[in-house]
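To keep things clear, I will list the structure first and then write my remarks on it.
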Amino acid sequence: MARRLLYNARIVNEGKCFCGYVGMADEIIEVVAEGQPSESVVSSYDEREDLEGALLLPGVIDDQVHFREPGLTHKADIASESKAAVAGGVTSYMDMPNTMPQTVTIAELEAKNTRASEVSWANYGFFIGATNNNIDELRAIDYSNTPGIKLFLGASTGNMLVDDEQTLDDIFSLEGIIAIHSEDEKIIRDNMAKHKEAYGDNIPVSCHPAIRSEESCYVSTKRAVERALKHGTRLHVFHLSTAKELEFFTTQPLREKKITAEVCVHHLWFSDEDYQRLGTRIKWNPAIKTAADRKALQEAVNSGKVDVVATDHAPHLLTEKQGDCSKAASGGPMVQHSLIVMLELAAKGVFSIEKVVETMSHNPAILYGINKRGYIREGYYADLVVVKPAKWTVSQDNVLTKCGWSPLEGEEFSNQVAMTIVNGNVVYKDGEHQPFVAGKRMTYDQR
């Protein structure tokens with residue numbers, strides 16, 4: 001049995017920050033305590049590390065990534081992106097179904113789990129996707145083995161835009177979590193047509209938030225919330241981007257909510273003022289909107305209206321990000337830098353570190369009913385991240401995602417991930433990945 005002790009740590013967990021130590025036996029945390037360990041405790045561990053006051057946090061659980069496997073592996077794959085994830089303190093992730101083939105059957109879902117068991121550096125879960133014609137598959141799902149159903153209500157890959165009203169009612173009547181991409185397709189099409197008429201084939205990227213507009217998000221989310229209330233659905237709205245949508249969410253305790261929300265790091269960091277500087281590198285769906293929207297979303301994280309902070313990590317090659325607003329691919333890589341960005345916002349006074357841990361680790365575990373993860377607790381899996389103060393700048397040389405770039409290049413940060421532990425195994429330390437140990441498939445109790 002491998003036994004490891006981390007001490008002299010500044011532990012942030014369950015709303016508290018305290019100096020203490022954590023002891024692990026194989027993959028499980030066996031002790032969490034304040035103060036200094038006694039000599040007898042220290043001597044009982046084979047490996048001991050003095051963290052010298054560094055932050056010790058529960059590993060980040062990212063509930064929305066696109067690791068592009070199968071079928072789109074020229075720009076990313078499970079191995080490359082999970083390797084980037086652990087370098088950023090992300091110990092668990094939930095991957096989206098718009099791959100090739102799409103993850104819209106139980107067989108395809110199991111194929112992705114099998115692949116991840118072979119190559120994933122982090123723990124993993126995979127959403128099954130909804131279509132207009134796979135309701136039988138969705139009814140047959142064992143929801144202890146998947147975080148939920150991903151439903152696209154805006155334009156998406158292939159036939160994954162669900163627009164049949166009866167099918168939507170059927171999906172919203174299912175027992176699992178329905179997680180949605182919420183934009184109204186008709187509004188987007190109409191807005192695009194107007195911009196095509198005005199600009200031809202050279203629509204500036206700064207028009208993106210006018211095409212994928214506040215209205216398109218609001219109308220779609222309103223309709224989804226009304227349907228969820230009608231059917232008693234566990235509804236989770238991915239990547240909120242507007243202040244206006246916040247009216248649909250409450251600040252009641254997460255365990256009491258049936259309708260929840262996520263915001264992505266890029267919507268908390270960038271605003272539409274950054275399009276001039278960064279162009280299509282910050283073209284996402286939903287679009288990055290105004291500074292006022294960003295501020296409202298930050299405030300909603302603090303108030304508890306928004307429950308989870310994630311990335312929507314969506315790598316594309318830079319060649320695929322070229323062209324005008326109608327042609328450049330939407331999405332960008334963020335999984336390596338999400339925790340560091342949030343800690344930078346905490347350093348600026350936007351969030352507390354306790355709130356960062358709550359929304360990136362605790363709340364995903366609560367929302368999805370993830371078993372024994374998301375906290376530094378005795379009896380839980382040892383998924384941990386050590387963060388130390390260090391000035392460094394994001395550059396192409398230190399970006400690890402397979403697509404090879406980041407919208408954060410040139411940004412200086414004041415904290416750096418020093419060590420990441422997944423299931424008790426040190427997988428990343430002092431800028432280097434350690435010998436590969438595969439992560440585990442997450443399981444869920446969503447009752």
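So you can find residues: chains in the structure tokens are A, B, ... in the order shown, residues in each start at 1, and ligands are numbered from 1 in order.
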DSSP helix (DSSP H, G or I) selection over range 287-407 of chain A, as a PyMOL selection string: chain A and resi 291-303+318-321+338-347+353-368+396-398
Limited to C-alpha atoms, could you put the picked residues into a file as an mmCIF file, in the first residue's frame?
```
data_model
loop_
_atom_site.group_PDB
_atom_site.id
_atom_site.type_symbol
_atom_site.label_atom_id
_atom_site.label_comp_id
_atom_site.auth_asym_id
_atom_site.auth_seq_id
_atom_site.Cartn_x
_atom_site.Cartn_y
_atom_site.Cartn_z
ATOM 1 C CA ALA A 291 -18.461 43.861 -19.893
ATOM 2 C CA ALA A 292 -21.792 44.402 -18.137
ATOM 3 C CA ASP A 293 -22.770 40.786 -18.890
ATOM 4 C CA ARG A 294 -19.402 39.617 -17.578
ATOM 5 C CA LYS A 295 -19.834 41.567 -14.344
ATOM 6 C CA ALA A 296 -23.362 40.224 -13.859
ATOM 7 C CA LEU A 297 -22.132 36.656 -14.366
ATOM 8 C CA GLN A 298 -19.316 37.186 -11.872
ATOM 9 C CA GLU A 299 -21.832 38.504 -9.344
ATOM 10 C CA ALA A 300 -24.106 35.516 -10.026
ATOM 11 C CA VAL A 301 -21.252 33.138 -9.203
ATOM 12 C CA ASN A 302 -20.805 34.919 -5.889
ATOM 13 C CA SER A 303 -24.531 34.976 -5.091
ATOM 14 C CA LEU A 318 -5.618 27.902 -35.740
ATOM 15 C CA THR A 319 -6.201 27.279 -39.448
ATOM 16 C CA GLU A 320 -9.794 26.386 -38.558
ATOM 17 C CA LYS A 321 -10.161 29.664 -36.668
ATOM 18 C CA SER A 338 -9.192 27.445 -15.966
ATOM 19 C CA LEU A 339 -8.114 27.147 -12.328
ATOM 20 C CA ILE A 340 -5.285 29.630 -12.775
ATOM 21 C CA VAL A 341 -7.652 32.163 -14.382
ATOM 22 C CA MET A 342 -10.130 31.796 -11.520
ATOM 23 C CA LEU A 343 -7.388 32.200 -8.925
ATOM 24 C CA GLU A 344 -6.221 35.327 -10.755
ATOM 25 C CA LEU A 345 -9.742 36.707 -10.546
ATOM 26 C CA ALA A 346 -9.685 35.834 -6.849
ATOM 27 C CA ALA A 347 -6.418 37.745 -6.469
ATOM 28 C CA ILE A 353 -10.612 31.238 -3.144
ATOM 29 C CA GLU A 354 -13.315 29.385 -1.205
ATOM 30 C CA LYS A 355 -15.828 30.337 -3.926
ATOM 31 C CA VAL A 356 -13.446 29.117 -6.635
ATOM 32 C CA VAL A 357 -13.231 25.722 -4.911
ATOM 33 C CA GLU A 358 -16.986 25.606 -4.334
ATOM 34 C CA THR A 359 -17.915 26.237 -7.977
ATOM 35 C CA MET A 360 -15.129 24.218 -9.618
ATOM 36 C CA SER A 361 -14.932 21.197 -7.286
ATOM 37 C CA HIS A 362 -17.701 20.897 -4.689
ATOM 38 C CA ASN A 363 -20.698 21.959 -6.772
ATOM 39 C CA PRO A 364 -20.055 19.747 -9.806
ATOM 40 C CA ALA A 365 -19.836 16.802 -7.396
ATOM 41 C CA ILE A 366 -23.120 17.774 -5.730
ATOM 42 C CA LEU A 367 -24.985 18.566 -8.951
ATOM 43 C CA TYR A 368 -24.127 15.302 -10.699
ATOM 44 C CA GLN A 396 2.928 28.682 -27.207
ATOM 45 C CA ASP A 397 5.937 27.037 -25.552
ATOM 46 C CA ASN A 398 3.971 26.053 -22.457
#
```
Distance query Gly331 in chain A at most 10 Å, only C-alpha atoms, self and fewer than 6 positions along chain excluded, as a PyMOL selection string: chain A and resi 66+280-287+312-316+321
Residues near range 7-15 of chain A, cut-off 6 Å, only C-alpha atoms, skip fewer than 5 positions along chain, as a short mmCIF file (atom, residue, chain, number, x, y, z; two decimals) with C-alpha atoms, in the first residue's frame:
```
data_model
loop_
_atom_site.label_atom_id
_atom_site.label_comp_id
_atom_site.auth_asym_id
_atom_site.auth_seq_id
_atom_site.Cartn_x
_atom_site.Cartn_y
_atom_site.Cartn_z
CA GLY A 20 -3.03 21.41 7.93
CA TYR A 21 -2.12 18.09 6.40
CA ASP A 50 6.40 19.74 3.00
CA LEU A 51 4.24 22.09 0.92
CA GLU A 52 5.70 25.17 2.64
CA GLY A 53 2.35 26.96 2.86
CA ALA A 54 1.20 26.27 -0.69
CA LEU A 55 -2.51 25.99 -1.48
CA LEU A 56 -3.92 22.46 -1.36
CA LEU A 57 -7.28 22.24 -3.13
CA GLU A 354 -13.32 29.39 -1.21
#
```
What residues in range 167-411 of chain A get the DSSP label strand (DSSP E or B)? Please answer as a ChimeraX atom specification. /A:177-181,234-237,259-264,308-310,313,370,381,384-393
Could you list, as a ChimeraX atom specification, every residue within 10 Å of Phe127 in chain A, counting only C-alpha atoms and ignoring same-chain residues fewer than 6 positions away? /A:63-64,94-98,103-104,109,145-151,177-179
For Arg212 in chain A, which residue out of A:Cys325, A:Ile28, A:Ala111, A:Ala85 is the nearest one, using only C-alpha atoms?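 Of all the options, A:Cys325 lies closest to Arg212 in chain A.
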Report the distance between CA of Met160 in chain A and CA of Thr73 in chain A in Å, rounded to one decimal place. 19.7 Å
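Residue nearest Ile421 in chain A, chosen from A:Glu110, A:Leu400, A:Ser82, A:Val386 and counting only C-alpha atoms: A:Val386.
One finds CA of Thr114 in chain A at 16.6 Å from CA of Phe436 in chain A.
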If we count only C-alpha atoms, what is near Glu215 in chain A at a cut-off of 8 Å, once residues fewer than 3 positions away on the same chain are taken out, given as an MDAnalysis selection string? chainID A and resid 187 218:219
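Considering only C-alpha atoms, the residue among A:Lys327, A:Arg68, A:Arg373, A:His337 positioned nearest to Ser406 in chain A is A:His337.
Atom to atom, CA of Tyr143 in chain A and CA of Tyr444 in chain A stand 7.1 Å apart.
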Find the residues around Ile171 in chain A up to 10 Å (only C-alpha atoms counted), leave out those fewer than 5 positions away in its own chain, and share them as a count of residues only. 16
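Of the residues listed (A:Val22, A:Ala224, A:Ala210, A:Val306), A:Ala224 shows the shortest atom-to-atom separation from Leu168 in chain A; distances use only C-alpha atoms.
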Name all residues at most 10 Å from Pro407 in chain A (count only C-alpha atoms; drop same-chain ones fewer than 4 positions away) and give them as a PDB file with C-alpha atoms, in the first residue's frame.
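Saved as out24.pdb:
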```pdb
ATOM      1  CA  HIS A 266     -13.967  32.727 -20.830  1.00  0.00           C
ATOM      2  CA  PHE A 270     -13.111  38.263 -21.609  1.00  0.00           C
ATOM      3  CA  LEU A 278      -7.957  38.680 -30.185  1.00  0.00           C
ATOM      4  CA  GLY A 279     -10.364  38.293 -33.112  1.00  0.00           C
ATOM      5  CA  THR A 280     -11.631  34.788 -33.800  1.00  0.00           C
ATOM      6  CA  ARG A 281      -9.461  33.323 -31.040  1.00  0.00           C
ATOM      7  CA  ILE A 282     -12.286  34.254 -28.649  1.00  0.00           C
ATOM      8  CA  LYS A 283     -15.140  33.231 -30.934  1.00  0.00           C
ATOM      9  CA  GLY A 332     -11.114  27.387 -27.967  1.00  0.00           C
ATOM     10  CA  PRO A 333      -8.852  25.567 -25.495  1.00  0.00           C
ATOM     11  CA  MET A 334      -9.140  26.519 -21.799  1.00  0.00           C
ATOM     12  CA  VAL A 394       1.154  31.794 -21.092  1.00  0.00           C
ATOM     13  CA  SER A 395       2.972  31.188 -24.383  1.00  0.00           C
ATOM     14  CA  GLU A 411      -1.294  36.931 -20.173  1.00  0.00           C
TER      15      GLU A 411
END
```
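Comparing A:Ile376, A:Ile370, A:Val417, A:Val237 by their smallest distance to Glu262 in chain A, the closest is A:Val237 (using only C-alpha atoms).
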